[in-house]
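**Q** Below is a structure I'd like to ask you about.
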Amino acid sequence: MAATPSEKITIPSLQARKTVGPRIVCLTAYDHPTARILDEAGVDLILVGDSLGMVVLGYENTVPVTMDEMIHHTKAVTRAVRRALVVGDMPYFSFHLSADETVRNASRFLKEAGAAAVKIEGASKKRLKLVEAMVEAEIPVMGHVGLTPQSIHHLGRFRVKGTAVEGARRIIEDAAGLESAGAFAVVLESVPVEVAAEVTRAVKIPTIGIGAGPACDGQVLVFHDIMGFSTGYSPKFVRKYADVHAVMSGAVQAYAADVREGRFPDDATSYHLKAEVAAEFLPKRGRRLPSRGM
């Protein structure tokens with residue numbers, strides 16, 4: 001097994017991977033213990049994604065996620081991380097009204113939550129102006145094009161983007177626009193392999209793929225998806241590396257059986273009085289302690 005990398009990840013070191021490698025490893029995390037495991041395992045970039053709305057908070061999609069929820073979970077992640085770069089995902093309607101409000105919300109990820117950067121969906125002309133405003137405020141920004149989950153009500157359903165010539169060209173233009181606006185990297189979600197490869201060639205910043213094929217400079221997946229948590233729909237691009245749902249379910253069932261049958265707790269998992277204390281405290285042989293009323 002290869003040694004776990006130990007150098008602190010920075011934005012310049014991530015950008016250098018574009019030319020010198022290795023590919024960037026990214027996963028989502030939403031809590032302290034998970035983030036610690038990912039960091040110790042050598043993940044380069046941890047995204048506190050608004051996907052937490054679906055996989056942690058039980059929302060139907062990412063739209064209901066609030067800034068306060070994102071800050072709360074990002075704080076938990078950054079407290080655990082020593083090496084990886086932590087990026088906070090800007091939730092729906094945290095960057096839709098004005099540049100001032102966008103910068104204010106983005107700054108919370110750095111000032112309050114301890115993240116190193118933020119991620120923002122979309123690349124319209126107005127969105128690019130917002131990226132410029134955040135970069136001007138010294139807030140590093142990761143872009144996100146292709147499928148943008150916060151647009152679910154407009155899209156109707158999650159589907160691959162850029163499958164026609166016009167759409168493919170737009171994705172390339174959007175990524176280039178984000179680069180020009182100052183984004184340090186861009187996520188490409190649910191786009192054809194050929195489009196992602198062309199974007200990766202066209203821009204000088206790293207591309208992070210999710211359902212975008214192997215040509216990207218790095219890859220990101222939702223932690224709960226690779227761990228096999230049963231959360232409903234699983235996209236084609238997910239590879240399950242463990243079946244944690246089955247392991248946890250089996251453990252809970254075994255615990256429940258042990259409790260019901262009196263096998264837990266046992267002597268090994270119980271505390272005892274010292275002999276001299278027991279002799280003084282316990283009633284004489286033949287007498288029993290009074291039972292407690294309910």
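Just remember, in the structure tokens the first chain shown is A, the second B, etc., residues are 1-based per chain, and ligands are 1-based in the order shown.
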Could you give me, as JSON lines, every region 108-134 of chain A residue with an atom at most 12 Å from region 5-23 of chain A, plus its closest atom pair and distance in Å to one decimal, counting only C-alpha atoms, rows ordered by chain then number?

**A**
```
{"residue": "A:Ala115", "atom": "CA", "partner": "A:Thr10", "partner_atom": "CA", "distance": 11.7}
{"residue": "A:Ala116", "atom": "CA", "partner": "A:Thr10", "partner_atom": "CA", "distance": 8.6}
{"residue": "A:Ala117", "atom": "CA", "partner": "A:Ile11", "partner_atom": "CA", "distance": 9.0}
{"residue": "A:Val118", "atom": "CA", "partner": "A:Ile11", "partner_atom": "CA", "distance": 11.9}
```

**Q** Skip Gly88 (chain A) itself and residues of its chain fewer than 3 positions away, then list as a short mmCIF file (atom, residue, chain, number, x, y, z; two decimals) with all heavy atoms, in the first residue's frame all residues within 9 Å of it, counting only C-alpha atoms.

**A**
```cif
data_model
loop_
_atom_site.label_atom_id
_atom_site.label_comp_id
_atom_site.auth_asym_id
_atom_site.auth_seq_id
_atom_site.Cartn_x
_atom_site.Cartn_y
_atom_site.Cartn_z
N ILE A 46 -11.52 18.26 0.29
CA ILE A 46 -12.78 17.85 0.90
C ILE A 46 -13.82 18.93 0.63
O ILE A 46 -13.64 20.09 1.00
CB ILE A 46 -12.63 17.63 2.42
CG1 ILE A 46 -11.68 16.45 2.68
CG2 ILE A 46 -13.99 17.39 3.08
CD1 ILE A 46 -11.40 16.20 4.15
N LEU A 47 -14.88 18.54 -0.04
CA LEU A 47 -15.97 19.46 -0.35
C LEU A 47 -17.11 19.24 0.64
O LEU A 47 -17.66 18.14 0.74
CB LEU A 47 -16.48 19.21 -1.78
CG LEU A 47 -17.74 19.99 -2.19
CD1 LEU A 47 -17.48 21.49 -2.20
CD2 LEU A 47 -18.24 19.51 -3.55
N VAL A 48 -17.44 20.29 1.38
CA VAL A 48 -18.63 20.24 2.22
C VAL A 48 -19.78 20.66 1.31
O VAL A 48 -20.13 21.82 1.18
CB VAL A 48 -18.52 21.18 3.43
CG1 VAL A 48 -19.71 20.97 4.37
CG2 VAL A 48 -17.21 20.94 4.17
N GLY A 49 -20.32 19.68 0.60
CA GLY A 49 -21.30 19.94 -0.44
C GLY A 49 -22.69 20.19 0.10
O GLY A 49 -23.06 19.68 1.16
N ASP A 50 -23.47 20.97 -0.66
CA ASP A 50 -24.88 21.12 -0.27
C ASP A 50 -25.65 19.84 -0.50
O ASP A 50 -26.82 19.74 -0.14
CB ASP A 50 -25.53 22.31 -0.98
CG ASP A 50 -25.58 22.17 -2.49
OD1 ASP A 50 -25.04 21.19 -3.03
OD2 ASP A 50 -26.16 23.07 -3.15
N MET A 70 -24.96 25.06 6.22
CA MET A 70 -23.66 24.86 5.58
C MET A 70 -22.51 25.27 6.50
O MET A 70 -21.49 24.57 6.59
CB MET A 70 -23.59 25.65 4.27
CG MET A 70 -24.47 25.10 3.15
SD MET A 70 -24.14 23.37 2.74
CE MET A 70 -22.37 23.40 2.43
N ILE A 71 -22.67 26.38 7.19
CA ILE A 71 -21.62 26.83 8.10
C ILE A 71 -21.45 25.85 9.25
O ILE A 71 -20.32 25.50 9.64
CB ILE A 71 -21.94 28.24 8.64
CG1 ILE A 71 -21.96 29.26 7.50
CG2 ILE A 71 -20.94 28.65 9.71
CD1 ILE A 71 -20.66 29.40 6.74
N THR A 74 -19.65 22.76 7.90
CA THR A 74 -18.27 23.08 7.49
C THR A 74 -17.37 23.25 8.71
O THR A 74 -16.22 22.81 8.71
CB THR A 74 -18.25 24.34 6.62
OG1 THR A 74 -19.12 24.17 5.50
CG2 THR A 74 -16.84 24.62 6.10
N ALA A 106 -20.12 34.31 1.29
CA ALA A 106 -18.91 33.53 1.02
C ALA A 106 -17.87 33.71 2.11
O ALA A 106 -17.18 32.75 2.51
CB ALA A 106 -18.33 33.92 -0.34
N PHE A 109 -17.79 31.34 5.16
CA PHE A 109 -17.14 30.03 5.06
C PHE A 109 -15.68 30.12 5.52
O PHE A 109 -15.15 29.19 6.13
CB PHE A 109 -17.20 29.51 3.62
CG PHE A 109 -18.52 28.90 3.25
CD1 PHE A 109 -19.44 29.61 2.50
CD2 PHE A 109 -18.83 27.60 3.63
CE1 PHE A 109 -20.66 29.05 2.15
CE2 PHE A 109 -20.05 27.03 3.29
CZ PHE A 109 -20.97 27.75 2.55
N LEU A 110 -15.02 31.26 5.22
CA LEU A 110 -13.63 31.42 5.61
C LEU A 110 -13.51 31.91 7.05
O LEU A 110 -12.76 31.35 7.84
CB LEU A 110 -12.92 32.39 4.66
CG LEU A 110 -12.42 31.82 3.32
CD1 LEU A 110 -13.56 31.30 2.46
CD2 LEU A 110 -11.60 32.85 2.56
N ALA A 113 -16.25 29.40 9.47
CA ALA A 113 -16.20 27.95 9.35
C ALA A 113 -14.80 27.40 9.12
O ALA A 113 -14.58 26.20 9.25
CB ALA A 113 -17.13 27.48 8.24
N ALA A 115 -13.04 27.26 6.28
CA ALA A 115 -12.76 26.71 4.95
C ALA A 115 -11.71 27.55 4.24
O ALA A 115 -11.45 28.71 4.62
CB ALA A 115 -14.04 26.65 4.12
N ALA A 116 -11.12 26.98 3.19
CA ALA A 116 -10.11 27.69 2.41
C ALA A 116 -10.69 28.31 1.15
O ALA A 116 -10.05 29.17 0.53
CB ALA A 116 -8.97 26.76 2.04
N ALA A 117 -11.89 27.88 0.76
CA ALA A 117 -12.47 28.34 -0.50
C ALA A 117 -13.96 28.03 -0.50
O ALA A 117 -14.47 27.33 0.39
CB ALA A 117 -11.78 27.66 -1.69
N VAL A 118 -14.65 28.53 -1.52
CA VAL A 118 -16.07 28.23 -1.71
C VAL A 118 -16.27 27.69 -3.12
O VAL A 118 -15.44 27.89 -4.01
CB VAL A 118 -16.97 29.47 -1.49
CG1 VAL A 118 -16.81 29.99 -0.09
CG2 VAL A 118 -16.66 30.56 -2.52
N LYS A 119 -17.40 27.00 -3.30
CA LYS A 119 -17.81 26.55 -4.64
C LYS A 119 -19.14 27.21 -4.99
O LYS A 119 -20.01 27.34 -4.13
CB LYS A 119 -17.95 25.03 -4.70
CG LYS A 119 -18.33 24.52 -6.11
CD LYS A 119 -18.38 23.01 -6.17
CE LYS A 119 -19.63 22.45 -5.52
NZ LYS A 119 -20.87 22.83 -6.25
#
```

**Q** Can you tell me, as a list in words, what residues are no more than 7 Å from Asp225 (chain A) when counting only C-alpha atoms, ignoring any on the same chain fewer than 4 positions away?

**A**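 Non-adjacent residues within range: Phe229, Val238 and Lys240 of chain A.
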
**Q** For those residues, write N, CA, C and O atoms to a file as a PDB file, in the first residue's frame.

**A**
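So the final result, stored in selection-v4.pdb, reads:
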```
ATOM      1  N   PHE A 229     -24.080   3.727   1.467  1.00  0.00           N
ATOM      2  CA  PHE A 229     -25.260   4.074   2.242  1.00  0.00           C
ATOM      3  C   PHE A 229     -26.472   4.060   1.318  1.00  0.00           C
ATOM      4  O   PHE A 229     -26.414   4.589   0.204  1.00  0.00           O
ATOM      5  N   VAL A 238     -21.448   6.511 -10.194  1.00  0.00           N
ATOM      6  CA  VAL A 238     -20.995   6.145  -8.846  1.00  0.00           C
ATOM      7  C   VAL A 238     -20.408   4.733  -8.857  1.00  0.00           C
ATOM      8  O   VAL A 238     -20.972   3.819  -9.455  1.00  0.00           O
ATOM      9  N   LYS A 240     -19.404   1.936  -5.989  1.00  0.00           N
ATOM     10  CA  LYS A 240     -19.530   1.637  -4.564  1.00  0.00           C
ATOM     11  C   LYS A 240     -18.297   0.869  -4.102  1.00  0.00           C
ATOM     12  O   LYS A 240     -17.997  -0.205  -4.615  1.00  0.00           O
TER      13      LYS A 240
END
```

**Q** Considering only C-alpha atoms, can you say which of A:Gly211, A:Pro192, A:Gly122, A:Gly250 comes closest to Leu178 (chain A)?

**A**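 Comparing A:Gly211, A:Pro192, A:Gly122, A:Gly250 against Leu178 (chain A), the winner is A:Gly122.
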
**Q** At a cut-off of 12 Å, using only C-alpha atoms, what residues contact Thr163 (chain A)? Leave out same-chain residues fewer than 4 positions from it and give the result as a list in words.

**A**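 Result of the neighbour search: Gly146, Leu147, Arg159, Gly167, Ala168, Arg169, Arg170, Ile171, Ser190, Val191, Pro192, Val193, Glu194, Val195, Ala196 and Ala212 of chain A.
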
**Q** Filtering to N, CA, C and O atoms, could you give me those residues as an mmCIF file, in the first residue's frame?

**A**
```cif
data_model
loop_
_atom_site.group_PDB
_atom_site.id
_atom_site.type_symbol
_atom_site.label_atom_id
_atom_site.label_comp_id
_atom_site.auth_asym_id
_atom_site.auth_seq_id
_atom_site.Cartn_x
_atom_site.Cartn_y
_atom_site.Cartn_z
ATOM 1 N N GLY A 146 -21.922 22.235 -16.171
ATOM 2 C CA GLY A 146 -22.555 20.986 -16.575
ATOM 3 C C GLY A 146 -23.884 20.884 -15.853
ATOM 4 O O GLY A 146 -24.683 21.836 -15.843
ATOM 5 N N LEU A 147 -24.144 19.752 -15.239
ATOM 6 C CA LEU A 147 -25.339 19.615 -14.415
ATOM 7 C C LEU A 147 -25.151 20.421 -13.132
ATOM 8 O O LEU A 147 -24.167 20.243 -12.413
ATOM 9 N N ARG A 159 -30.016 15.133 -15.395
ATOM 10 C CA ARG A 159 -29.673 14.484 -16.655
ATOM 11 C C ARG A 159 -28.326 14.985 -17.153
ATOM 12 O O ARG A 159 -27.844 16.033 -16.740
ATOM 13 N N GLY A 167 -24.809 22.683 -26.649
ATOM 14 C CA GLY A 167 -24.628 22.519 -25.213
ATOM 15 C C GLY A 167 -23.193 22.205 -24.846
ATOM 16 O O GLY A 167 -22.676 22.695 -23.829
ATOM 17 N N ALA A 168 -22.535 21.399 -25.674
ATOM 18 C CA ALA A 168 -21.135 21.059 -25.416
ATOM 19 C C ALA A 168 -20.251 22.304 -25.502
ATOM 20 O O ALA A 168 -19.376 22.523 -24.655
ATOM 21 N N ARG A 169 -20.490 23.112 -26.516
ATOM 22 C CA ARG A 169 -19.715 24.339 -26.667
ATOM 23 C C ARG A 169 -19.946 25.291 -25.492
ATOM 24 O O ARG A 169 -19.026 25.957 -25.025
ATOM 25 N N ARG A 170 -21.195 25.322 -25.001
ATOM 26 C CA ARG A 170 -21.515 26.217 -23.888
ATOM 27 C C ARG A 170 -20.749 25.807 -22.633
ATOM 28 O O ARG A 170 -20.281 26.666 -21.873
ATOM 29 N N ILE A 171 -20.617 24.510 -22.410
ATOM 30 C CA ILE A 171 -19.886 24.047 -21.227
ATOM 31 C C ILE A 171 -18.423 24.469 -21.316
ATOM 32 O O ILE A 171 -17.825 24.922 -20.329
ATOM 33 N N SER A 190 -21.687 15.478 -14.755
ATOM 34 C CA SER A 190 -22.591 14.792 -15.693
ATOM 35 C C SER A 190 -22.491 15.364 -17.100
ATOM 36 O O SER A 190 -23.457 15.857 -17.665
ATOM 37 N N VAL A 191 -21.291 15.275 -17.656
ATOM 38 C CA VAL A 191 -21.081 15.688 -19.046
ATOM 39 C C VAL A 191 -20.378 14.554 -19.784
ATOM 40 O O VAL A 191 -19.678 13.743 -19.165
ATOM 41 N N PRO A 192 -20.543 14.465 -21.096
ATOM 42 C CA PRO A 192 -19.887 13.394 -21.857
ATOM 43 C C PRO A 192 -18.365 13.446 -21.724
ATOM 44 O O PRO A 192 -17.774 14.526 -21.550
ATOM 45 N N VAL A 193 -17.749 12.293 -21.820
ATOM 46 C CA VAL A 193 -16.298 12.177 -21.698
ATOM 47 C C VAL A 193 -15.588 13.120 -22.656
ATOM 48 O O VAL A 193 -14.620 13.803 -22.281
ATOM 49 N N GLU A 194 -16.069 13.167 -23.893
ATOM 50 C CA GLU A 194 -15.390 13.973 -24.907
ATOM 51 C C GLU A 194 -15.435 15.465 -24.561
ATOM 52 O O GLU A 194 -14.466 16.200 -24.793
ATOM 53 N N VAL A 195 -16.545 15.904 -24.002
ATOM 54 C CA VAL A 195 -16.681 17.321 -23.628
ATOM 55 C C VAL A 195 -15.751 17.643 -22.463
ATOM 56 O O VAL A 195 -15.047 18.659 -22.469
ATOM 57 N N ALA A 196 -15.726 16.774 -21.464
ATOM 58 C CA ALA A 196 -14.850 16.996 -20.314
ATOM 59 C C ALA A 196 -13.385 17.011 -20.728
ATOM 60 O O ALA A 196 -12.594 17.819 -20.229
ATOM 61 N N ALA A 212 -17.935 12.695 -15.363
ATOM 62 C CA ALA A 212 -17.388 13.386 -16.530
ATOM 63 C C ALA A 212 -16.222 12.627 -17.153
ATOM 64 O O ALA A 212 -15.490 13.177 -17.979
#
```

**Q** Mind checking which residues fall within 12 Å of Glu136 (chain A), counting only C-alpha atoms, ignoring those fewer than 3 positions away in the same chain, and posting them as an NGL selection string?

**A** :A and (99-100 or 103 or 107 or 129-133 or 139-141 or 181-183)

**Q** Could you go through region 90-210 of chain A and tell me which residues DSSP, when run on the backbone, assigns to alpha helix (DSSP H), listing them as a ChimeraX atom specification?

**A** /A:99-111,125-136,152-155,165-181,193-202

**Q** Excluding Gly218 (chain A) and residues on its chain fewer than 6 positions from it, collect all residues at most 6 Å away from it, counting only C-alpha atoms, and give them as a count of residues only.

**A** 4

**Q** Under the rule that only C-alpha atoms are counted, which of A:Phe184, A:Tyr241, A:Phe281, A:Tyr233 is the nearest residue to Met54 (chain A)?

**A**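 The answer is A:Tyr233, which sits nearest to Met54 (chain A).
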
**Q** Please produce, as a Markdown table, a per-residue contact table for region 48-126 of chain A versus region 30-40 of chain A (criterion: any atom at most 8 Å away, only C-alpha atoms considered), showing the nearest atom pair and its distance in Å to one decimal, sorted by chain then residue number.

**A**
```
| residue | atom | partner | partner_atom | distance |
| --- | --- | --- | --- | --- |
| A:Val48 | CA | A:Tyr30 | CA | 5.7 |
| A:Gly49 | CA | A:Tyr30 | CA | 7.6 |
| A:Leu52 | CA | A:Tyr30 | CA | 6.6 |
| A:Val56 | CA | A:Tyr30 | CA | 8.0 |
| A:His73 | CA | A:Tyr30 | CA | 5.4 |
| A:Thr74 | CA | A:Tyr30 | CA | 6.7 |
| A:Ala76 | CA | A:His32 | CA | 4.9 |
| A:Val77 | CA | A:His32 | CA | 4.8 |
| A:Thr78 | CA | A:His32 | CA | 7.7 |
| A:Arg79 | CA | A:His32 | CA | 6.8 |
| A:Ala80 | CA | A:Arg36 | CA | 5.0 |
| A:Val81 | CA | A:Asp39 | CA | 5.8 |
| A:Arg82 | CA | A:Asp39 | CA | 6.9 |
| A:Arg83 | CA | A:Asp39 | CA | 6.3 |
| A:Ala84 | CA | A:Asp39 | CA | 5.9 |
```

**Q** From the DSSP assignment of the backbone, select every residue of region 24-227 of chain A that is strand (DSSP E), and format the answer as an NGL selection string.

**A** :A and (24-28 or 45-48 or 85-89 or 117-119 or 141-146 or 185-189 or 207-210 or 218-221)

**Q** May I have the selected residues written with C-alpha atoms, as a PDB file, in the first residue's frame?

**A**
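Result file part13.pdb:
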```pdb
ATOM      1  CA  ILE A  24      -6.632  15.320  -7.484  1.00  0.00           C
ATOM      2  CA  VAL A  25      -8.630  13.164  -5.064  1.00  0.00           C
ATOM      3  CA  CYS A  26     -11.791  14.818  -3.775  1.00  0.00           C
ATOM      4  CA  LEU A  27     -14.692  13.565  -1.654  1.00  0.00           C
ATOM      5  CA  THR A  28     -17.528  15.185   0.239  1.00  0.00           C
ATOM      6  CA  LEU A  45      -9.754  18.199  -1.359  1.00  0.00           C
ATOM      7  CA  ILE A  46     -12.782  17.854   0.903  1.00  0.00           C
ATOM      8  CA  LEU A  47     -15.975  19.457  -0.352  1.00  0.00           C
ATOM      9  CA  VAL A  48     -18.632  20.243   2.217  1.00  0.00           C
ATOM     10  CA  LEU A  85      -8.065  21.716   1.351  1.00  0.00           C
ATOM     11  CA  VAL A  86     -11.650  22.290   2.551  1.00  0.00           C
ATOM     12  CA  VAL A  87     -14.152  23.927   0.179  1.00  0.00           C
ATOM     13  CA  GLY A  88     -17.594  25.071   1.325  1.00  0.00           C
ATOM     14  CA  ASP A  89     -20.503  24.833  -1.111  1.00  0.00           C
ATOM     15  CA  ALA A 117     -12.473  28.340  -0.499  1.00  0.00           C
ATOM     16  CA  VAL A 118     -16.065  28.227  -1.714  1.00  0.00           C
ATOM     17  CA  LYS A 119     -17.812  26.554  -4.635  1.00  0.00           C
ATOM     18  CA  VAL A 141     -13.641  30.200  -5.768  1.00  0.00           C
ATOM     19  CA  MET A 142     -14.200  26.822  -7.380  1.00  0.00           C
ATOM     20  CA  GLY A 143     -16.637  26.862 -10.286  1.00  0.00           C
ATOM     21  CA  HIS A 144     -19.223  24.226 -11.217  1.00  0.00           C
ATOM     22  CA  VAL A 145     -20.680  23.679 -14.705  1.00  0.00           C
ATOM     23  CA  GLY A 146     -22.555  20.986 -16.575  1.00  0.00           C
ATOM     24  CA  ALA A 185     -10.655  25.082 -10.416  1.00  0.00           C
ATOM     25  CA  VAL A 186     -13.926  23.931 -11.960  1.00  0.00           C
ATOM     26  CA  VAL A 187     -16.201  20.967 -11.296  1.00  0.00           C
ATOM     27  CA  LEU A 188     -17.634  19.264 -14.392  1.00  0.00           C
ATOM     28  CA  GLU A 189     -20.755  17.307 -13.493  1.00  0.00           C
ATOM     29  CA  THR A 207     -10.986  20.220 -13.770  1.00  0.00           C
ATOM     30  CA  ILE A 208     -12.664  18.020 -11.153  1.00  0.00           C
ATOM     31  CA  GLY A 209     -15.014  15.496 -12.687  1.00  0.00           C
ATOM     32  CA  ILE A 210     -18.133  13.877 -11.294  1.00  0.00           C
ATOM     33  CA  GLY A 218      -9.281  15.085 -10.537  1.00  0.00           C
ATOM     34  CA  GLN A 219     -12.423  13.310  -9.405  1.00  0.00           C
ATOM     35  CA  VAL A 220     -15.061  13.924  -6.748  1.00  0.00           C
ATOM     36  CA  LEU A 221     -17.860  11.705  -5.474  1.00  0.00           C
TER      37      LEU A 221
END
```

**Q** Could you work out how far CA of Gly162 (chain A) lies from CA of Val63 (chain A), giving the answer in Å with one decimal?

**A**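 That distance, rounded to one decimal, is 22.8 Å.
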